[in-house]
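Chemist: File model.txt below, compact mmCIF, C-alpha atoms and all ligand atoms:
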```
# COMPACT_ATOMS: atom_id res chain seq x y z
CA MET A 1 -17.19 -32.35 48.52
CA LYS A 2 -19.36 -29.38 47.58
CA GLY A 3 -22.66 -30.11 45.84
CA MET A 4 -21.75 -27.64 43.12
CA VAL A 5 -19.03 -30.04 41.93
CA PHE A 6 -21.66 -32.82 41.66
CA THR A 7 -24.24 -30.68 39.86
CA GLU A 8 -21.58 -29.56 37.38
CA LEU A 9 -20.42 -33.14 36.75
CA LEU A 10 -24.01 -34.15 36.05
CA SER A 11 -24.55 -31.21 33.65
CA MET A 12 -21.42 -32.13 31.73
CA ALA A 13 -22.50 -35.80 31.62
CA GLU A 14 -26.02 -34.92 30.45
CA GLY A 15 -24.50 -33.09 27.49
CA ALA A 16 -22.23 -36.03 26.71
CA ILE A 17 -24.41 -39.13 27.25
CA GLY A 18 -27.90 -37.68 27.64
CA GLU A 19 -30.22 -37.03 30.54
CA ASP A 20 -31.78 -40.52 30.54
CA ALA A 21 -28.42 -42.26 30.74
CA VAL A 22 -27.43 -39.99 33.65
CA ASP A 23 -30.72 -40.74 35.45
CA ASP A 24 -30.11 -44.48 35.01
CA ILE A 25 -26.64 -44.12 36.54
CA LEU A 26 -28.02 -42.22 39.53
CA ASP A 27 -30.75 -44.86 40.00
CA GLU A 28 -28.28 -47.73 39.90
CA LEU A 29 -25.73 -46.41 42.38
CA PRO A 30 -26.24 -46.40 46.17
CA LEU A 31 -26.00 -42.61 46.59
CA SER A 32 -26.88 -40.41 49.55
CA ASN A 33 -30.24 -38.72 49.03
CA GLY A 34 -30.88 -40.94 45.99
CA GLY A 35 -28.52 -38.87 43.86
CA ALA A 36 -30.54 -35.66 44.30
CA TYR A 37 -27.63 -33.23 44.73
CA THR A 38 -28.04 -29.53 45.47
CA ALA A 39 -25.31 -26.98 44.79
CA VAL A 40 -25.17 -25.90 48.44
CA GLY A 41 -25.04 -29.44 49.92
CA ASN A 42 -21.95 -31.41 50.86
CA TYR A 43 -21.49 -35.05 49.82
CA PRO A 44 -18.82 -37.77 50.01
CA CYS A 45 -16.17 -37.51 47.29
CA SER A 46 -16.38 -41.30 46.94
CA GLU A 47 -19.81 -40.76 45.31
CA LEU A 48 -18.32 -38.42 42.73
CA VAL A 49 -15.70 -41.05 41.94
CA SER A 50 -18.32 -43.82 41.62
CA ILE A 51 -20.40 -41.65 39.25
CA VAL A 52 -17.32 -41.00 37.10
CA VAL A 53 -16.60 -44.76 37.00
CA LYS A 54 -20.16 -45.43 35.77
CA ILE A 55 -20.02 -42.65 33.17
CA SER A 56 -16.81 -44.24 31.95
CA GLU A 57 -18.51 -47.64 31.61
CA VAL A 58 -21.47 -46.16 29.73
CA SER A 59 -19.47 -43.87 27.44
CA GLY A 60 -16.41 -46.05 26.93
CA LEU A 61 -14.18 -43.09 27.83
CA PRO A 62 -11.29 -43.84 30.21
CA ILE A 63 -11.78 -42.60 33.79
CA ASN A 64 -8.75 -40.31 33.65
CA ASP A 65 -9.91 -38.70 30.39
CA LEU A 66 -13.29 -38.02 31.97
CA GLN A 67 -11.77 -36.52 35.12
CA ARG A 68 -9.53 -34.34 33.00
CA ALA A 69 -12.38 -33.14 30.81
CA PHE A 70 -14.35 -32.41 33.95
CA GLY A 71 -11.45 -30.33 35.29
CA GLY A 72 -11.63 -28.24 32.11
CA TRP A 73 -15.36 -27.83 32.55
CA MET A 74 -14.99 -26.75 36.19
CA MET A 75 -12.30 -24.20 35.34
CA GLU A 76 -14.75 -22.48 33.01
CA ARG A 77 -17.42 -22.54 35.70
CA PHE A 78 -15.00 -21.09 38.27
CA ALA A 79 -13.88 -18.37 35.86
CA ALA A 80 -17.51 -17.43 35.14
CA GLY A 81 -18.66 -17.64 38.78
CA TYR A 82 -15.66 -16.08 40.53
CA PRO A 83 -14.14 -13.57 38.06
CA GLN A 84 -12.61 -11.59 40.93
CA PHE A 85 -9.89 -14.23 41.38
CA PHE A 86 -8.82 -13.96 37.74
CA GLN A 87 -9.04 -10.23 37.13
CA ASP A 88 -5.74 -9.11 38.63
CA LYS A 89 -3.65 -11.93 37.13
CA THR A 90 -1.66 -11.31 33.98
CA CYS A 91 -0.79 -14.90 33.16
CA ALA A 92 -1.69 -18.50 33.89
CA LEU A 93 1.41 -19.15 36.00
CA GLU A 94 0.53 -16.24 38.28
CA MET A 95 -2.99 -17.66 38.62
CA LEU A 96 -1.71 -21.14 39.44
CA GLU A 97 0.66 -19.69 42.04
CA ALA A 98 -2.28 -17.92 43.71
CA ILE A 99 -4.48 -21.00 44.23
CA GLU A 100 -2.96 -22.22 47.50
CA ASN A 101 -2.53 -18.93 49.37
CA GLU A 102 -5.28 -16.83 47.86
CA VAL A 103 -8.03 -18.61 45.91
CA HIS A 104 -8.51 -21.69 48.04
CA VAL A 105 -8.07 -19.57 51.19
CA GLU A 106 -11.08 -17.52 50.08
CA VAL A 107 -12.95 -20.70 49.11
CA ARG A 108 -12.41 -21.99 52.65
CA LYS A 109 -13.85 -18.76 54.10
CA LEU A 110 -16.92 -19.04 51.87
CA TYR A 111 -17.33 -22.79 52.46
CA PRO A 112 -15.71 -23.89 55.73
CA ASP A 113 -16.54 -27.53 54.94
CA ALA A 114 -14.73 -27.48 51.55
CA GLU A 115 -12.29 -30.34 51.05
CA LEU A 116 -9.33 -28.83 49.28
CA PRO A 117 -5.97 -30.13 48.13
CA SER A 118 -2.65 -28.47 48.97
CA PHE A 119 -0.23 -27.04 46.43
CA GLU A 120 3.42 -26.09 46.46
CA THR A 121 4.72 -24.03 43.57
CA GLU A 122 8.21 -23.32 42.34
CA ARG A 123 9.46 -21.38 39.30
CA THR A 124 11.83 -23.75 37.57
CA GLY A 125 12.90 -21.35 34.82
CA GLN A 126 11.66 -18.56 32.59
CA GLY A 127 7.97 -19.30 31.85
CA GLN A 128 8.12 -22.54 33.83
CA LEU A 129 6.29 -23.59 36.96
CA ARG A 130 6.29 -26.78 38.96
CA MET A 131 3.06 -27.27 40.88
CA THR A 132 2.96 -30.12 43.37
CA TYR A 133 -0.51 -31.38 44.24
CA ARG A 134 -1.35 -33.33 47.39
CA SER A 135 -4.81 -34.47 48.37
CA ASP A 136 -6.76 -37.05 50.33
CA ARG A 137 -8.89 -37.49 47.22
CA PRO A 138 -7.96 -39.37 44.01
CA LEU A 139 -8.29 -36.37 41.68
CA VAL A 140 -4.91 -36.00 39.94
CA ALA A 141 -6.49 -36.10 36.47
CA PHE A 142 -9.16 -33.59 37.52
CA CYS A 143 -6.37 -31.28 38.65
CA HIS A 144 -4.59 -31.81 35.32
CA GLY A 145 -7.74 -30.62 33.51
CA LEU A 146 -8.00 -27.55 35.74
CA ILE A 147 -4.39 -26.58 35.09
CA GLU A 148 -4.69 -27.16 31.34
CA SER A 149 -7.83 -25.11 31.11
CA CYS A 150 -6.37 -22.33 33.27
CA VAL A 151 -3.58 -21.95 30.68
CA ALA A 152 -6.16 -21.76 27.88
CA HIS A 153 -8.23 -19.27 29.86
CA PHE A 154 -5.31 -16.83 29.74
CA GLY A 155 -4.96 -17.38 25.99
CA GLN A 156 -1.61 -19.11 26.53
CA LYS A 157 -0.14 -22.43 25.43
CA ALA A 158 1.96 -24.80 27.50
CA ASP A 159 3.46 -28.25 27.63
CA ILE A 160 2.23 -29.88 30.81
CA THR A 161 3.87 -33.03 32.09
CA VAL A 162 2.60 -34.97 35.07
CA GLN A 163 4.57 -37.16 37.41
CA ASP A 164 2.02 -39.09 39.41
CA ARG A 165 3.72 -40.05 42.66
CA THR A 166 0.62 -41.24 44.43
CA PRO A 167 1.60 -43.59 47.22
CA ASP A 168 -1.11 -45.73 48.83
CA GLY A 169 -4.01 -43.64 50.01
CA ARG A 170 -2.90 -40.07 49.49
CA SER A 171 -2.64 -38.48 46.04
CA GLU A 172 0.52 -36.68 45.05
CA ALA A 173 1.56 -35.41 41.65
CA ALA A 174 4.02 -32.89 40.24
CA PHE A 175 2.82 -30.87 37.27
CA ASP A 176 5.50 -29.17 35.19
CA VAL A 177 3.97 -26.33 33.22
CA VAL A 178 6.23 -24.90 30.50
CA LEU A 179 4.77 -22.00 28.56
CA THR A 180 5.24 -22.28 24.82
CA GLY A 181 3.26 -19.29 23.63
C1 LIG A 201 -6.61 -23.23 38.11
C2 LIG A 201 -6.49 -23.37 39.28
C3 LIG A 201 -7.14 -24.34 40.25
C4 LIG A 201 -6.69 -25.57 40.57
C5 LIG A 201 -5.48 -26.26 39.98
C6 LIG A 201 -7.61 -26.11 41.56
C7 LIG A 201 -7.54 -27.37 42.08
C8 LIG A 201 -8.56 -27.99 42.77
C9 LIG A 201 -8.68 -29.41 42.95
C10 LIG A 201 -7.72 -30.43 42.39
C11 LIG A 201 -9.82 -29.63 43.66
C12 LIG A 201 -10.44 -30.98 44.07
C13 LIG A 201 -10.23 -31.34 45.51
C14 LIG A 201 -9.00 -32.18 45.71
O1 LIG A 201 -8.35 -32.59 44.73
O2 LIG A 201 -8.65 -32.46 46.89
C15 LIG A 201 -10.42 -28.34 43.91
C16 LIG A 201 -11.60 -28.15 44.58
C17 LIG A 201 -12.23 -26.96 44.64
N1 LIG A 201 -11.77 -25.75 44.20
FE1 LIG A 201 -10.05 -25.40 43.21
N2 LIG A 201 -8.57 -25.18 41.85
C18 LIG A 201 -8.35 -24.11 41.05
C19 LIG A 201 -9.08 -22.96 41.00
C20 LIG A 201 -10.18 -22.73 41.73
C21 LIG A 201 -10.96 -21.53 41.61
C22 LIG A 201 -10.67 -20.34 40.72
C23 LIG A 201 -11.97 -21.66 42.47
C24 LIG A 201 -13.00 -20.62 42.65
C25 LIG A 201 -13.72 -20.44 43.62
C26 LIG A 201 -11.84 -22.98 43.13
C27 LIG A 201 -12.71 -23.52 44.05
C28 LIG A 201 -12.75 -24.82 44.43
C29 LIG A 201 -13.89 -25.47 45.10
C30 LIG A 201 -15.19 -24.81 45.55
C31 LIG A 201 -13.56 -26.81 45.24
C32 LIG A 201 -14.42 -27.92 45.84
C33 LIG A 201 -14.17 -28.11 47.30
C34 LIG A 201 -15.08 -29.19 47.84
O3 LIG A 201 -15.68 -29.87 47.07
O4 LIG A 201 -15.22 -29.35 49.07
N3 LIG A 201 -10.73 -23.58 42.66
N4 LIG A 201 -9.63 -27.36 43.37
```
Is it possible to express this structure as structure tokens?

Modeler:
Amino acid sequence: MKGMVFTELLSMAEGAIGEDAVDDILDELPLSNGGAYTAVGNYPCSELVSIVVKISEVSGLPINDLQRAFGGWMMERFAAGYPQFFQDKTCALEMLEAIENEVHVEVRKLYPDAELPSFETERTGQGQLRMTYRSDRPLVAFCHGLIESCVAHFGQKADITVQDRTPDGRSEAAFDVVLTG
């Protein structure tokens, strides 16, 4: 997983629990490079997950809530860092439909070692999209936060329901996004 995802998680955590608490977490865990992540490096996703588990222990926030909040944080970072992907989209559903065949395709060109999920999308009605997420990584709640924050980014509102169908090993979830305003 790209170092940028780690450095962003740590910035969010520093704001929430403080720099000292984050340093203690990094000292305690057996991390590659002693937890000194750089944005351009590439590190095991299992380390990200173990850091989230520790932040959850320290803050008392459930792991899924943290992952989801982090998804929201990353969406804002993506929107600020890669505005070109957002500019030609008129609504959140159009943006979500473009992730698999446009956005993540470009991400793969920029970072050939990126570990990305796959998405299938289907319009299920007027203002409704079903987005099916599949990944080798356990990041369903992170994805939920990204989707939620994408809707907010376009100034829209939606009901989002999640059916987590994760079998053993591989993550799978269907997100039903129904625009409400
Ligand atoms: C709102 C729509 C988006 C969704 C739902 C989405 C979903 C995801 C998810 C769930 C992951 C984690 C990897 C996994 O679960 O297997 C991921 C990783 C990533 N995405 Fe997206 N993404 C979105 C938009 C973007 C945008 C706009 C960018 C801009 C460049 C981007 C770049 C990346 C990068 C760099 C990674 C990390 C890859 C790695 O660590 O190796 N995504 N995305």

Chemist: Near Ser149 of chain A, counting all atoms listed in the file, which residues have an atom at most 9 Å away, once you skip same-chain residues fewer than 5 positions from it, shown as a PyMOL selection string?

Modeler: chain A and resi 71-76+144+154

Chemist: Go ahead and save the picked residues with C-alpha atoms, as an mmCIF file, in the coordinates of the input.

Modeler:
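What ended up in again15.cif:
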```cif
data_model
loop_
_atom_site.group_PDB
_atom_site.id
_atom_site.type_symbol
_atom_site.label_atom_id
_atom_site.label_comp_id
_atom_site.auth_asym_id
_atom_site.auth_seq_id
_atom_site.Cartn_x
_atom_site.Cartn_y
_atom_site.Cartn_z
ATOM 1 C CA GLY A 71 -11.450 -30.330 35.290
ATOM 2 C CA GLY A 72 -11.630 -28.240 32.110
ATOM 3 C CA TRP A 73 -15.360 -27.830 32.550
ATOM 4 C CA MET A 74 -14.990 -26.750 36.190
ATOM 5 C CA MET A 75 -12.300 -24.200 35.340
ATOM 6 C CA GLU A 76 -14.750 -22.480 33.010
ATOM 7 C CA HIS A 144 -4.590 -31.810 35.320
ATOM 8 C CA PHE A 154 -5.310 -16.830 29.740
#
```

Chemist: Mind giving me the straight-line distance from atom CA of Pro167 of chain A to atom N1 of ligand LIG 201 (chain A) in Å, one decimal?

Modeler: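 These atoms are spaced 22.5 Å apart.
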
Chemist: Residues within 12 Å of Thr161 of chain A, please, as a list in words. Count all atoms listed in the file; anything in the same chain fewer than 6 positions from it doesn't count.

Modeler: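 Result of the neighbour search: Gln128, Leu129, Arg130, Met131, Thr132, Ala141, His144, Gly145, Ile147, Glu148, Ala173, Ala174, Phe175, Asp176, Val177, Val178 and Leu179 of chain A.
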
Chemist: What does the list of residues within 7 Å of ligand LIG 201 (chain A) look like if you count all atoms listed in the file, written as a PyMOL selection string?

Modeler: chain A and resi 1-2+5+75+78-79+82+85+95-96+99+103-104+107+113-117+135-140+142-143+146-147+150

Chemist: For atom CA of Arg134 of chain A and atom CA of Asp88 of chain A, determine how far apart the two atoms are, in Å to one decimal place.

Modeler: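 Computing it gives 26.1 Å between the two atoms.
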
Chemist: Pick the closest to Ala13 of chain A from A:Ile55, A:Leu48, A:Cys91, A:Leu31: which is it, counting all atoms listed in the file?

Modeler: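 The closest residue to Ala13 of chain A is A:Ile55.
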
Chemist: With all atoms listed in the file as the basis for distance, which of A:Gly127, A:His153, A:Ser118, A:Glu19 is at the shortest distance from Arg170 of chain A?

Modeler: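 That would be A:Ser118, the residue with the smallest distance to Arg170 of chain A.
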
Chemist: May I ask for the distance between atom CA of Gly18 of chain A and atom CA of Val58 of chain A, given in Å to one decimal place?

Modeler: 10.8 Å

Chemist: So which one's closest to Tyr111 of chain A, A:Ser11, A:Asn42, A:Gly181, A:Val22? Using only C-alpha atoms, please.

Modeler: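 Counting only C-alpha atoms, the residue closest to Tyr111 of chain A is A:Asn42.
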
Chemist: I need the residue nearest Glu94 of chain A from this list: A:Glu172, A:Glu14, A:Glu122, A:Glu28. Use only C-alpha atoms for the distance.

Modeler: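 When distances to Glu94 of chain A are compared using only C-alpha atoms, the smallest one comes from A:Glu122.
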
Chemist: For Gly3 of chain A, which residue out of A:Ala152, A:Cys45, A:Ala39, A:Leu93 is the nearest one, using all atoms listed in the file?

Modeler: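 Looking at the shortest contact to Gly3 of chain A, the residue is A:Ala39.
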
Chemist: Which residues, written as a PyMOL selection string, have at least one atom at most 12 Å from Glu57 of chain A, with all atoms listed in the file counted and residues fewer than 6 positions away on the same chain left out?

Modeler: chain A and resi 17+21-22+25+50-51+63+66

Chemist: Put the listed atoms of segment 158-161 of chain A in a box along x, y and z with 6 Å added on every side and give me the centre and edge lengths in Å to one decimal, as JSON.

Modeler:
```
{"center_x": 2.9, "center_y": -28.9, "center_z": 29.8, "size_x": 13.9, "size_y": 20.2, "size_z": 16.6}
```
